[in-house]
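**Q** Dropping in target_32.cif, with mmCIF, C-alpha atoms and all ligand atoms.
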data_entry
loop_
_atom_site.label_atom_id
_atom_site.label_comp_id
_atom_site.auth_asym_id
_atom_site.auth_seq_id
_atom_site.Cartn_x
_atom_site.Cartn_y
_atom_site.Cartn_z
CA MET A 1 25.23 3.57 -2.65
CA ASN A 2 23.64 1.07 -5.02
CA ASP A 3 24.09 1.13 -8.75
CA HIS A 4 20.55 1.90 -9.89
CA ARG A 5 20.91 0.79 -13.48
CA MET A 6 22.12 -2.69 -12.66
CA VAL A 7 19.01 -3.60 -10.66
CA VAL A 8 16.48 -1.88 -12.89
CA GLU A 9 17.57 -3.84 -15.94
CA GLN A 10 16.45 -7.04 -14.27
CA THR A 11 12.98 -5.85 -13.33
CA ASP A 12 10.79 -6.45 -16.41
CA ARG A 13 8.09 -8.53 -14.64
CA THR A 14 9.00 -7.20 -11.24
CA ILE A 15 6.50 -5.16 -9.23
CA ILE A 16 8.05 -2.02 -7.78
CA CYS A 17 6.61 -1.07 -4.38
CA VAL A 18 7.21 2.47 -3.20
CA SER A 19 7.53 3.12 0.54
CA LEU A 20 8.59 6.72 1.07
CA ASN A 21 8.06 6.91 4.83
CA SER A 22 9.01 3.43 6.04
CA ALA A 23 9.09 2.75 9.76
CA ILE A 24 10.26 0.31 12.35
CA ASP A 25 6.93 -0.74 13.81
CA LYS A 26 7.66 -1.52 17.43
CA ARG A 27 5.08 -3.31 19.59
CA LEU A 28 5.36 -3.30 23.36
CA LEU A 29 3.08 -5.32 25.62
CA VAL A 30 2.73 -3.22 28.78
CA PRO A 31 0.18 -4.49 31.30
CA GLY A 32 -1.39 -1.60 33.24
CA PHE A 33 0.27 1.04 31.03
CA ARG A 34 -0.15 4.50 32.57
CA LEU A 35 0.69 7.95 31.26
CA GLY A 36 3.22 9.84 33.35
CA ALA A 37 4.57 6.73 35.09
CA VAL A 38 7.41 4.28 34.53
CA SER A 39 6.07 1.13 32.87
CA ARG A 40 7.77 -2.15 32.09
CA ALA A 41 7.11 -4.03 28.89
CA VAL A 42 6.75 -7.81 29.23
CA GLN A 43 7.26 -8.37 25.52
CA ALA A 44 8.71 -6.36 22.64
CA ASP A 45 8.94 -7.03 18.95
CA ALA A 46 9.62 -4.99 15.84
CA THR A 47 8.88 -5.31 12.14
CA ALA A 48 9.77 -3.42 8.99
CA GLY A 49 6.65 -1.33 8.49
CA GLY A 50 5.01 1.35 6.45
CA LYS A 51 2.23 0.71 3.97
CA GLY A 52 4.52 0.36 0.96
CA LEU A 53 6.57 -2.34 2.67
CA ASN A 54 3.38 -4.18 3.64
CA VAL A 55 2.40 -4.22 -0.03
CA ALA A 56 5.89 -5.42 -0.98
CA ARG A 57 5.82 -8.23 1.60
CA VAL A 58 2.40 -9.47 0.54
CA ALA A 59 3.18 -9.34 -3.19
CA HIS A 60 6.39 -11.26 -2.41
CA ALA A 61 4.42 -13.83 -0.38
CA LEU A 62 2.04 -14.24 -3.34
CA GLY A 63 5.02 -15.31 -5.44
CA ALA A 64 5.68 -12.11 -7.38
CA SER A 65 9.12 -10.75 -8.06
CA VAL A 66 9.24 -7.53 -6.02
CA LEU A 67 11.57 -4.58 -5.64
CA ALA A 68 10.92 -2.24 -2.71
CA THR A 69 12.06 1.34 -3.04
CA GLY A 70 11.89 4.58 -1.07
CA PHE A 71 14.11 6.29 1.47
CA ALA A 72 16.20 4.78 4.24
CA GLY A 73 18.12 6.76 6.84
CA GLY A 74 20.58 5.93 9.63
CA GLY A 75 20.64 2.80 11.76
CA ASN A 76 16.85 2.41 11.54
CA GLY A 77 17.00 2.47 7.75
CA ALA A 78 19.77 -0.14 7.80
CA TRP A 79 17.71 -2.29 10.18
CA ILE A 80 14.75 -2.22 7.80
CA MET A 81 16.92 -3.21 4.83
CA ARG A 82 18.35 -6.11 6.87
CA LYS A 83 14.82 -7.29 7.65
CA LEU A 84 13.97 -7.25 3.94
CA ASP A 85 17.19 -9.16 3.20
CA GLU A 86 16.17 -11.84 5.71
CA ILE A 87 13.11 -12.67 3.61
CA ALA A 88 14.99 -12.21 0.32
CA LEU A 89 12.88 -9.21 -0.62
CA ARG A 90 14.95 -7.03 -2.93
CA HIS A 91 15.19 -3.32 -2.24
CA GLN A 92 16.76 -0.24 -3.69
CA MET A 93 16.50 2.64 -1.24
CA VAL A 94 17.80 6.17 -1.57
CA ALA A 95 19.95 6.91 1.49
CA VAL A 96 18.86 9.99 3.45
CA ALA A 97 20.71 11.97 6.11
CA GLN A 98 17.92 11.92 8.69
CA GLU A 99 16.89 8.82 10.60
CA THR A 100 14.08 6.52 9.41
CA ARG A 101 11.23 6.67 11.93
CA VAL A 102 10.05 4.37 14.67
CA CYS A 103 6.32 3.91 15.25
CA LEU A 104 5.41 2.67 18.69
CA ASN A 105 2.33 0.66 19.58
CA ILE A 106 1.88 0.20 23.32
CA ILE A 107 -0.58 -2.57 24.01
CA ASP A 108 -2.25 -3.13 27.35
CA GLU A 109 -4.15 -6.38 26.90
CA SER A 110 -5.63 -6.24 30.41
CA ALA A 111 -7.38 -2.95 29.55
CA GLY A 112 -7.97 -3.90 25.91
CA GLN A 113 -6.24 -0.67 24.86
CA SER A 114 -3.55 0.25 22.43
CA THR A 115 -1.71 3.59 22.26
CA GLU A 116 0.18 4.53 19.12
CA ILE A 117 2.96 7.09 18.85
CA LEU A 118 4.11 7.82 15.31
CA GLU A 119 7.36 9.69 14.72
CA PRO A 120 7.21 12.21 11.87
CA GLY A 121 10.12 10.57 10.05
CA PRO A 122 12.96 12.19 8.17
CA GLU A 123 12.68 15.43 6.28
CA ILE A 124 13.84 14.66 2.76
CA ALA A 125 16.44 17.09 1.39
CA ALA A 126 16.16 18.51 -2.11
CA ALA A 127 19.14 16.49 -3.37
CA GLU A 128 17.68 13.28 -1.92
CA LYS A 129 14.35 13.98 -3.61
CA ALA A 130 16.15 14.58 -6.90
CA GLU A 131 18.02 11.30 -6.51
CA PHE A 132 14.75 9.43 -6.02
CA MET A 133 13.22 11.14 -9.08
CA ALA A 134 16.18 10.01 -11.18
CA LEU A 135 15.77 6.45 -9.93
CA TRP A 136 12.02 6.63 -10.60
CA ALA A 137 12.58 7.78 -14.17
CA GLU A 138 14.68 4.65 -14.75
CA MET A 139 12.11 2.39 -13.12
CA CYS A 140 9.15 3.64 -15.17
CA LYS A 141 9.34 1.36 -18.19
CA PRO A 142 6.48 0.48 -20.54
CA GLY A 143 4.25 -2.13 -18.91
CA GLN A 144 5.96 -1.86 -15.51
CA TRP A 145 3.62 -2.22 -12.48
CA LEU A 146 4.30 0.10 -9.55
CA THR A 147 2.55 0.69 -6.23
CA LEU A 148 2.43 4.02 -4.37
CA SER A 149 1.21 3.69 -0.79
CA GLY A 150 0.91 5.74 2.34
CA SER A 151 1.67 9.23 3.53
CA LEU A 152 4.50 11.42 2.27
CA PRO A 153 7.50 12.34 4.40
CA ARG A 154 8.24 16.02 4.89
CA GLY A 155 10.22 17.80 2.22
CA LEU A 156 8.67 16.16 -0.84
CA GLY A 157 5.62 18.42 -1.19
CA GLU A 158 2.01 17.25 -1.39
CA ALA A 159 2.15 16.89 -5.18
CA PHE A 160 4.88 14.23 -5.03
CA TYR A 161 2.60 11.31 -5.88
CA ALA A 162 1.16 13.43 -8.69
CA GLN A 163 4.68 13.81 -10.06
CA LEU A 164 5.44 10.09 -9.73
CA ALA A 165 2.13 9.08 -11.34
CA ALA A 166 2.63 11.53 -14.21
CA LYS A 167 6.08 10.15 -14.93
CA ALA A 168 4.75 6.58 -14.86
CA ARG A 169 1.94 7.42 -17.26
CA GLU A 170 4.29 9.21 -19.66
CA ALA A 171 6.48 6.10 -19.73
CA GLY A 172 3.59 3.66 -20.23
CA ALA A 173 4.03 2.18 -16.75
CA HIS A 174 1.04 1.44 -14.46
CA ALA A 175 0.89 3.04 -11.02
CA VAL A 176 -1.52 1.77 -8.36
CA LEU A 177 -2.12 4.59 -5.87
CA ASP A 178 -3.29 4.12 -2.27
CA THR A 179 -3.07 7.32 -0.29
CA SER A 180 -5.38 9.93 1.24
CA GLY A 181 -6.03 13.65 1.64
CA MET A 182 -4.31 16.21 -0.53
CA PRO A 183 -1.65 13.87 -2.00
CA LEU A 184 -4.52 11.72 -3.35
CA LYS A 185 -6.53 14.68 -4.67
CA LEU A 186 -3.53 16.19 -6.41
CA ALA A 187 -2.51 12.89 -8.03
CA LEU A 188 -5.88 12.11 -9.66
CA SER A 189 -5.34 14.31 -12.70
CA SER A 190 -1.93 12.67 -13.32
CA GLY A 191 -3.73 9.47 -14.27
CA PRO A 192 -2.47 6.67 -12.04
CA HIS A 193 -3.73 3.35 -13.46
CA THR A 194 -5.68 2.50 -10.29
CA VAL A 195 -6.80 4.46 -7.25
CA LYS A 196 -7.82 2.56 -4.11
CA PRO A 197 -9.46 4.74 -1.49
CA ASN A 198 -11.18 3.06 1.43
CA GLU A 199 -14.67 4.21 2.33
CA GLU A 200 -13.59 7.18 4.43
CA GLU A 201 -10.92 8.30 1.95
CA PHE A 202 -13.47 8.10 -0.86
CA ARG A 203 -15.99 10.24 1.03
CA GLN A 204 -13.34 12.82 1.86
CA CYS A 205 -11.84 12.99 -1.60
CA PHE A 206 -15.00 12.93 -3.72
CA ASP A 207 -17.62 14.21 -1.28
CA ALA A 208 -19.88 11.31 -2.27
CA ASP A 209 -21.31 8.13 -0.75
CA PRO A 210 -19.56 4.97 -1.97
CA ARG A 211 -22.90 3.14 -1.82
CA ASP A 212 -24.33 5.58 -4.36
CA ARG A 213 -23.56 3.49 -7.44
CA ALA A 214 -24.44 6.24 -9.90
CA ALA A 215 -21.97 8.55 -8.15
CA VAL A 216 -19.21 5.91 -8.22
CA ARG A 217 -19.83 5.32 -11.93
CA ARG A 218 -19.78 9.06 -12.65
CA ILE A 219 -16.54 9.58 -10.70
CA ALA A 220 -14.84 6.64 -12.44
CA ALA A 221 -15.81 8.13 -15.81
CA GLN A 222 -14.42 11.53 -14.79
CA LEU A 223 -11.17 9.96 -13.55
CA GLY A 224 -10.96 8.05 -16.81
CA GLU A 225 -10.60 11.32 -18.68
CA HIS A 226 -7.29 11.77 -16.85
CA GLY A 227 -6.14 8.23 -17.60
CA VAL A 228 -7.31 6.41 -14.45
CA GLN A 229 -8.39 2.92 -15.52
CA ALA A 230 -9.84 1.54 -12.30
CA LEU A 231 -11.45 3.03 -9.21
CA LEU A 232 -11.49 0.52 -6.35
CA VAL A 233 -13.32 1.60 -3.21
CA SER A 234 -12.53 -0.87 -0.46
CA LEU A 235 -15.31 -1.35 2.08
CA GLY A 236 -13.75 -3.43 4.85
CA ARG A 237 -15.75 -6.59 5.55
CA GLU A 238 -18.16 -5.73 2.70
CA GLY A 239 -15.35 -6.10 0.14
CA CYS A 240 -15.05 -3.48 -2.57
CA LEU A 241 -16.74 -1.65 -5.40
CA ALA A 242 -14.75 -1.61 -8.62
CA ALA A 243 -15.67 0.91 -11.29
CA LEU A 244 -14.16 1.35 -14.75
CA PRO A 245 -14.45 4.52 -16.84
CA ASP A 246 -16.67 2.72 -19.39
CA GLY A 247 -19.44 2.27 -16.81
CA ARG A 248 -18.73 -1.33 -15.79
CA LEU A 249 -19.15 -1.83 -12.06
CA TRP A 250 -18.60 -4.83 -9.79
CA LEU A 251 -19.14 -5.63 -6.16
CA ALA A 252 -16.58 -8.10 -4.83
CA ALA A 253 -17.42 -9.55 -1.43
CA PRO A 254 -15.41 -11.78 0.90
CA PRO A 255 -17.05 -14.56 2.91
CA ALA A 256 -17.92 -13.76 6.53
CA ILE A 257 -14.81 -14.37 8.63
CA ASP A 258 -13.74 -13.75 12.23
CA ALA A 259 -11.57 -10.67 11.86
CA VAL A 260 -8.58 -10.58 14.21
CA ASN A 261 -6.68 -7.54 12.90
CA ALA A 262 -7.65 -5.73 9.70
CA VAL A 263 -4.74 -3.27 9.84
CA GLY A 264 -2.84 -3.74 6.58
CA SER A 265 -5.81 -5.32 4.80
CA GLY A 266 -5.88 -2.42 2.36
CA ASP A 267 -2.18 -2.94 1.66
CA SER A 268 -2.73 -6.67 1.15
CA PHE A 269 -5.62 -5.86 -1.20
CA VAL A 270 -3.35 -3.55 -3.24
CA ALA A 271 -0.72 -6.29 -3.42
CA GLY A 272 -3.25 -8.87 -4.65
CA TRP A 273 -4.68 -6.49 -7.25
CA THR A 274 -1.28 -5.48 -8.58
CA VAL A 275 0.06 -9.04 -8.76
CA ALA A 276 -3.10 -10.08 -10.63
CA CYS A 277 -2.85 -7.15 -13.05
CA SER A 278 0.82 -7.87 -13.70
CA LEU A 279 -0.18 -11.43 -14.62
CA GLY A 280 -2.81 -10.12 -17.03
CA LEU A 281 -5.86 -11.45 -15.15
CA ASP A 282 -9.23 -9.90 -16.02
CA VAL A 283 -10.96 -7.54 -13.57
CA PRO A 284 -13.19 -10.11 -11.78
CA ASP A 285 -10.26 -12.48 -11.22
CA ALA A 286 -8.00 -9.61 -10.11
CA LEU A 287 -10.67 -8.56 -7.62
CA ARG A 288 -10.84 -12.14 -6.31
CA LEU A 289 -7.12 -12.15 -5.58
CA ALA A 290 -7.24 -8.64 -4.07
CA ILE A 291 -10.15 -9.41 -1.76
CA ALA A 292 -8.68 -12.80 -0.81
CA ALA A 293 -5.38 -11.18 0.21
CA GLY A 294 -7.12 -8.43 2.23
CA THR A 295 -9.40 -10.93 3.94
CA VAL A 296 -6.64 -13.40 4.83
CA ASN A 297 -4.68 -10.52 6.34
CA ALA A 298 -7.69 -9.62 8.52
CA MET A 299 -7.83 -13.18 9.88
CA SER A 300 -4.45 -13.12 11.61
CA PRO A 301 -2.78 -10.76 14.11
CA GLY A 302 0.11 -9.77 11.80
CA THR A 303 0.15 -6.79 9.43
CA GLY A 304 0.87 -7.66 5.82
CA GLN A 305 1.87 -11.23 6.64
CA VAL A 306 -0.20 -13.62 4.57
CA SER A 307 0.58 -17.08 3.23
CA ARG A 308 0.06 -17.90 -0.41
CA GLU A 309 -1.73 -21.13 0.50
CA ALA A 310 -4.29 -19.29 2.63
CA VAL A 311 -4.89 -16.71 -0.11
CA ASP A 312 -5.23 -19.41 -2.79
CA ALA A 313 -7.80 -21.18 -0.61
CA MET A 314 -9.74 -17.92 -0.12
CA VAL A 315 -9.92 -16.90 -3.80
CA ASP A 316 -12.84 -19.20 -4.68
CA ARG A 317 -14.84 -17.99 -1.69
CA VAL A 318 -14.93 -14.39 -3.00
CA GLN A 319 -18.21 -13.43 -4.70
CA VAL A 320 -17.84 -11.06 -7.64
CA THR A 321 -21.09 -9.61 -8.99
CA ALA A 322 -21.46 -7.34 -12.01
CA LEU A 323 -23.85 -4.50 -11.14
N1 LIG B 1 -13.49 -7.65 8.62
C1 LIG B 1 -13.16 -8.06 7.39
N2 LIG B 1 -13.66 -9.23 6.89
C2 LIG B 1 -13.34 -9.66 5.66
N3 LIG B 1 -12.51 -8.99 4.83
C3 LIG B 1 -11.97 -7.84 5.26
C4 LIG B 1 -12.26 -7.30 6.54
N4 LIG B 1 -11.59 -6.13 6.68
C5 LIG B 1 -10.91 -5.96 5.53
N5 LIG B 1 -11.15 -6.96 4.66
C6 LIG B 1 -10.61 -7.14 3.30
O1 LIG B 1 -9.54 -6.23 3.06
C7 LIG B 1 -9.89 -5.28 2.04
C8 LIG B 1 -9.39 -3.91 2.40
O2 LIG B 1 -9.91 -3.54 3.65
P1 LIG B 1 -10.24 -2.03 4.07
O3 LIG B 1 -11.30 -1.47 3.20
O4 LIG B 1 -10.52 -2.08 5.53
O5 LIG B 1 -8.86 -1.31 3.73
P2 LIG B 1 -8.10 -0.07 4.40
O6 LIG B 1 -9.06 0.70 5.26
O7 LIG B 1 -7.44 0.66 3.31
O8 LIG B 1 -6.99 -0.80 5.30
P3 LIG B 1 -5.48 -0.36 5.72
O9 LIG B 1 -5.29 1.04 5.20
O10 LIG B 1 -5.45 -0.48 7.20
O11 LIG B 1 -4.55 -1.32 5.08
C9 LIG B 1 -11.41 -5.37 1.91
O12 LIG B 1 -11.82 -5.04 0.62
C10 LIG B 1 -11.67 -6.82 2.26
O13 LIG B 1 -11.38 -7.65 1.14
MG MG B 2 -5.81 1.95 3.44
#
Would you kindly transcribe this structure into structure tokens?
**A**
Amino acid sequence: MNDHRMVVEQTDRTIICVSLNSAIDKRLLVPGFRLGAVSRAVQADATAGGKGLNVARVAHALGASVLATGFAGGGNGAWIMRKLDEIALRHQMVAVAQETRVCLNIIDESAGQSTEILEPGPEIAAAEKAEFMALWAEMCKPGQWLTLSGSLPRGLGEAFYAQLAAKAREAGAHAVLDTSGMPLKLALSSGPHTVKPNEEEFRQCFDADPRDRAAVRRIAAQLGEHGVQALLVSLGREGCLAALPDGRLWLAAPPAIDAVNAVGSGDSFVAGWTVACSLGLDVPDALRLAIAAGTVNAMSPGTGQVSREAVDAMVDRVQVTAL
């Protein structure tokens, strides 16, 4: 096992990216794929996946110092850590007894169809959860930027992000939260610095229309009472609405592009926002970097694989308007 303290002492300007339910994302190209029959794949590849690792990879590509953390189990967990090593992305994972999951995407290009099968992932034991909480307590330093992304593995309880966000706030660290459903709802009153629902997550969580600007302003003000400093509602190709508790509101819009694959655009957006915040950029400039990263991700087939040059070139094409 790693020595937690040694790594954490080096992480002052480092962004810590939490990936609790990482996965090996395996893609199989299977022409004529049929249920209930034997099929042969003509191509197979695999990447270290999960939303938190996408954020980590993009922040790393944007030039930030990054530390990925979460749980890693068995041979799959070791494989993921090796993949991070290959790109010199630092990680500090809590080892778990159960195996890290594999998520399978079966693509039949001839039919234009893709079939996804997501394993549930490991169930985290109480002692493993406690070990992560101890590591988290060390990581939450004043001014530290942290990202919390994706769904929770079994065993942690739906209030786990609420607990992590509360600890961060107590310590004066800044957590950027991108999740959905009950884990999102429960975490709001713990005051994460930023919450980033997409349109559907926003509707579900707040029972409001993201295009209703008065409602977005009102919700940002309510969240502000709990310590939330920015509400970012991402709107796919329309960009995002950014609302602060004091009533300021912006629309940030990308240029029209030919989208190839927008999966992971939200994660890229979170990476851009967090890198910008950690550098002390103001809100409009942070939105430019966030939108640029999300948009560049949508322009290529990969998930969370952007180049810094492409993002830099996109930044000036983002329109930020105060509303
Ligand atoms: N078709 C598109 N054209 C231009 N930019 C896009 C497009 N889709 C996404 N983006 C960019 O990425 C950002 C995030 O996208 P989106 O709102 O779809 O996130 P998301 O639904 O959370 O994605 P995911 O959870 O799959 O990572 C947008 O604000 C925008 O900047
Ligand atoms: Mg998302």
**Q** For a cutoff of 10 Å around the file-coordinate point (7.9, 9.8, -17.5), which residues qualify once you count only C-alpha atoms? I'd like the result as a VMD selection string.
**A** chain A and resid 136 to 142 163 to 173
**Q** Please provide as a list in words all residues within 12 Å of Ala127 of chain A, with the sequence filter that same-chain residues fewer than 6 positions apart are discarded (counting only C-alpha atoms).
**A** Val94, Ala95, Val96, Ala97, Met133, Ala134, Gly155 and Leu156 of chain A
**Q** Would you kindly return, as a list in words, each protein, DNA or RNA residue with an atom no farther than 10 Å from any atom of Ala262 of chain A, considering all atoms listed in the file and excluding same-chain residues fewer than 5 positions away?
**A** Gly236, Arg237, Ser268, Gly294, Thr295, Val296, Asn297, Ala298, Met299, Ser300, Pro301, Gly302, Thr303 and Gly304 of chain A
**Q** Near Leu62 of chain A, counting all atoms listed in the file, which residues have an atom at most 12 Å away, once you skip same-chain residues fewer than 4 positions from it, shown as number ranges by chain?
**A** A: 15, 55-58, 66, 268-276, 279, 289-290, 292-293, 296, 304-312
**Q** If you take only C-alpha atoms and all ligand atoms and a cut-off of 12 Å, which residues of chain A touch ligand MG 2 (chain B), and what are their nearest atom pairs and distances in Å to one decimal, in chain and number order, as JSON lines?
**A**
{"residue": "A:Gly50", "atom": "CA", "partner": "B:MG2", "partner_atom": "MG", "distance": 11.2}
{"residue": "A:Lys51", "atom": "CA", "partner": "B:MG2", "partner_atom": "MG", "distance": 8.2}
{"residue": "A:Gly52", "atom": "CA", "partner": "B:MG2", "partner_atom": "MG", "distance": 10.7}
{"residue": "A:Asn54", "atom": "CA", "partner": "B:MG2", "partner_atom": "MG", "distance": 11.0}
{"residue": "A:Val55", "atom": "CA", "partner": "B:MG2", "partner_atom": "MG", "distance": 10.8}
{"residue": "A:Leu148", "atom": "CA", "partner": "B:MG2", "partner_atom": "MG", "distance": 11.5}
{"residue": "A:Ser149", "atom": "CA", "partner": "B:MG2", "partner_atom": "MG", "distance": 8.4}
{"residue": "A:Gly150", "atom": "CA", "partner": "B:MG2", "partner_atom": "MG", "distance": 7.8}
{"residue": "A:Ser151", "atom": "CA", "partner": "B:MG2", "partner_atom": "MG", "distance": 10.4}
{"residue": "A:Leu177", "atom": "CA", "partner": "B:MG2", "partner_atom": "MG", "distance": 10.4}
{"residue": "A:Asp178", "atom": "CA", "partner": "B:MG2", "partner_atom": "MG", "distance": 6.6}
{"residue": "A:Thr179", "atom": "CA", "partner": "B:MG2", "partner_atom": "MG", "distance": 7.1}
{"residue": "A:Ser180", "atom": "CA", "partner": "B:MG2", "partner_atom": "MG", "distance": 8.3}
{"residue": "A:Gly181", "atom": "CA", "partner": "B:MG2", "partner_atom": "MG", "distance": 11.8}
{"residue": "A:Leu184", "atom": "CA", "partner": "B:MG2", "partner_atom": "MG", "distance": 12.0}
{"residue": "A:Val195", "atom": "CA", "partner": "B:MG2", "partner_atom": "MG", "distance": 11.0}
{"residue": "A:Lys196", "atom": "CA", "partner": "B:MG2", "partner_atom": "MG", "distance": 7.8}
{"residue": "A:Pro197", "atom": "CA", "partner": "B:MG2", "partner_atom": "MG", "distance": 6.7}
{"residue": "A:Asn198", "atom": "CA", "partner": "B:MG2", "partner_atom": "MG", "distance": 5.8}
{"residue": "A:Glu199", "atom": "CA", "partner": "B:MG2", "partner_atom": "MG", "distance": 9.2}
{"residue": "A:Glu200", "atom": "CA", "partner": "B:MG2", "partner_atom": "MG", "distance": 9.4}
{"residue": "A:Glu201", "atom": "CA", "partner": "B:MG2", "partner_atom": "MG", "distance": 8.3}
{"residue": "A:Phe202", "atom": "CA", "partner": "B:MG2", "partner_atom": "MG", "distance": 10.7}
{"residue": "A:Leu232", "atom": "CA", "partner": "B:MG2", "partner_atom": "MG", "distance": 11.4}
{"residue": "A:Val233", "atom": "CA", "partner": "B:MG2", "partner_atom": "MG", "distance": 10.0}
{"residue": "A:Ser234", "atom": "CA", "partner": "B:MG2", "partner_atom": "MG", "distance": 8.3}
{"residue": "A:Leu235", "atom": "CA", "partner": "B:MG2", "partner_atom": "MG", "distance": 10.1}
{"residue": "A:Gly236", "atom": "CA", "partner": "B:MG2", "partner_atom": "MG", "distance": 9.7}
{"residue": "A:Ala262", "atom": "CA", "partner": "B:MG2", "partner_atom": "MG", "distance": 10.1}
{"residue": "A:Val263", "atom": "CA", "partner": "B:MG2", "partner_atom": "MG", "distance": 8.3}
{"residue": "A:Gly264", "atom": "CA", "partner": "B:MG2", "partner_atom": "MG", "distance": 7.1}
{"residue": "A:Ser265", "atom": "CA", "partner": "B:MG2", "partner_atom": "MG", "distance": 7.4}
{"residue": "A:Gly266", "atom": "CA", "partner": "B:MG2", "partner_atom": "MG", "distance": 4.5}
{"residue": "A:Asp267", "atom": "CA", "partner": "B:MG2", "partner_atom": "MG", "distance": 6.3}
{"residue": "A:Ser268", "atom": "CA", "partner": "B:MG2", "partner_atom": "MG", "distance": 9.4}
{"residue": "A:Phe269", "atom": "CA", "partner": "B:MG2", "partner_atom": "MG", "distance": 9.1}
{"residue": "A:Val270", "atom": "CA", "partner": "B:MG2", "partner_atom": "MG", "distance": 9.0}
{"residue": "A:Ala271", "atom": "CA", "partner": "B:MG2", "partner_atom": "MG", "distance": 11.9}
{"residue": "A:Gly294", "atom": "CA", "partner": "B:MG2", "partner_atom": "MG", "distance": 10.5}
{"residue": "A:Gly304", "atom": "CA", "partner": "B:MG2", "partner_atom": "MG", "distance": 11.9}
**Q** Can you sort out the box for ligand LIG 1 (chain B), edges along x, y and z, all listed atoms in, 6 Å on every side, with centre and edge lengths in Å to one decimal, as AutoDock Vina command-line options?
**A**
--center_x -9.1 --center_y -4.3 --center_z 4.6 --size_x 21.1 --size_y 22.7 --size_z 20.0
**Q** Determine the nearest neighbour of Ala220 of chain A from the options A:Gly63, A:Pro245, A:Pro254, A:Pro31, counting all atoms listed in the file.
**A**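 Nearest to Ala220 of chain A: A:Pro245.
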**Q** For ligand LIG 1 (chain B), which of A:Ala111, A:Leu53, A:Leu152, A:Ala230 is the closest residue, counting only C-alpha atoms and all ligand atoms?
**A** A:Leu53
**Q** Report the distance between atom O2 of ligand LIG 1 (chain B) and atom CA of Ala242 of chain A in Å, rounded to one decimal place.
**A** 13.3 Å
**Q** Name all residues at most 6 Å from Thr100 of chain A (count only C-alpha atoms; drop same-chain ones fewer than 6 positions away) and give them as a ChimeraX atom specification.
**A** /A:72-73,76-77,121-122
**Q** Work out how far atom CA of Pro153 of chain A is from atom CA of Ser189 of chain A, in Å to one decimal.
**A**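 Atom CA of Pro153 of chain A lies at a distance of 21.5 Å from atom CA of Ser189 of chain A.
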**Q** Kindly extract all protein, DNA and RNA residues lying within 8 Å of the coordinates (9.8, 1.0, -4.3) given in the file, considering only C-alpha atoms, and supply them as a ChimeraX atom specification.
**A** /A:16-20,52,67-70,91-93,146-148
**Q** Can I get the selection written as a PDB file, in the coordinates of the input, with C-alpha atoms?
**A**
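After the write, part_17.pdb holds the following:
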ATOM      1  CA  ILE A  16       8.050  -2.020  -7.780  1.00  0.00           C
ATOM      2  CA  CYS A  17       6.610  -1.070  -4.380  1.00  0.00           C
ATOM      3  CA  VAL A  18       7.210   2.470  -3.200  1.00  0.00           C
ATOM      4  CA  SER A  19       7.530   3.120   0.540  1.00  0.00           C
ATOM      5  CA  LEU A  20       8.590   6.720   1.070  1.00  0.00           C
ATOM      6  CA  GLY A  52       4.520   0.360   0.960  1.00  0.00           C
ATOM      7  CA  LEU A  67      11.570  -4.580  -5.640  1.00  0.00           C
ATOM      8  CA  ALA A  68      10.920  -2.240  -2.710  1.00  0.00           C
ATOM      9  CA  THR A  69      12.060   1.340  -3.040  1.00  0.00           C
ATOM     10  CA  GLY A  70      11.890   4.580  -1.070  1.00  0.00           C
ATOM     11  CA  HIS A  91      15.190  -3.320  -2.240  1.00  0.00           C
ATOM     12  CA  GLN A  92      16.760  -0.240  -3.690  1.00  0.00           C
ATOM     13  CA  MET A  93      16.500   2.640  -1.240  1.00  0.00           C
ATOM     14  CA  LEU A 146       4.300   0.100  -9.550  1.00  0.00           C
ATOM     15  CA  THR A 147       2.550   0.690  -6.230  1.00  0.00           C
ATOM     16  CA  LEU A 148       2.430   4.020  -4.370  1.00  0.00           C
TER      17      LEU A 148
END
**Q** Which one of A:Arg317, A:Lys83, A:Arg27, A:Arg248 sits closest to Ala48 of chain A if you count all atoms listed in the file?
**A**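 Of A:Arg317, A:Lys83, A:Arg27, A:Arg248, the one nearest Ala48 of chain A is A:Lys83, counting all atoms listed in the file.
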**Q** Which of these, A:Ala175, A:Ile291, A:Ile106, A:Ala214, has the shortest distance to ligand LIG 1 (chain B) once you count only C-alpha atoms and all ligand atoms?
**A**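 The closest residue to ligand LIG 1 (chain B) is A:Ile291.
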**Q** So which residues touch Ala322 of chain A within 10 Å, counting all atoms listed in the file, skipping near sequence neighbours fewer than 4 positions away, as a list of chain:residue names?
**A**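 Returned residues: A:Leu241, A:Ala242, A:Arg248, A:Leu249, A:Trp250, A:Leu251, A:Ala252, A:Pro284.
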**Q** Of the candidates A:Lys129, A:His60, A:Arg40, A:Lys26, which one gets nearest to Ile80 of chain A if we count all atoms listed in the file?
**A**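 The shortest atom-to-atom distance to Ile80 of chain A comes from A:Lys26.
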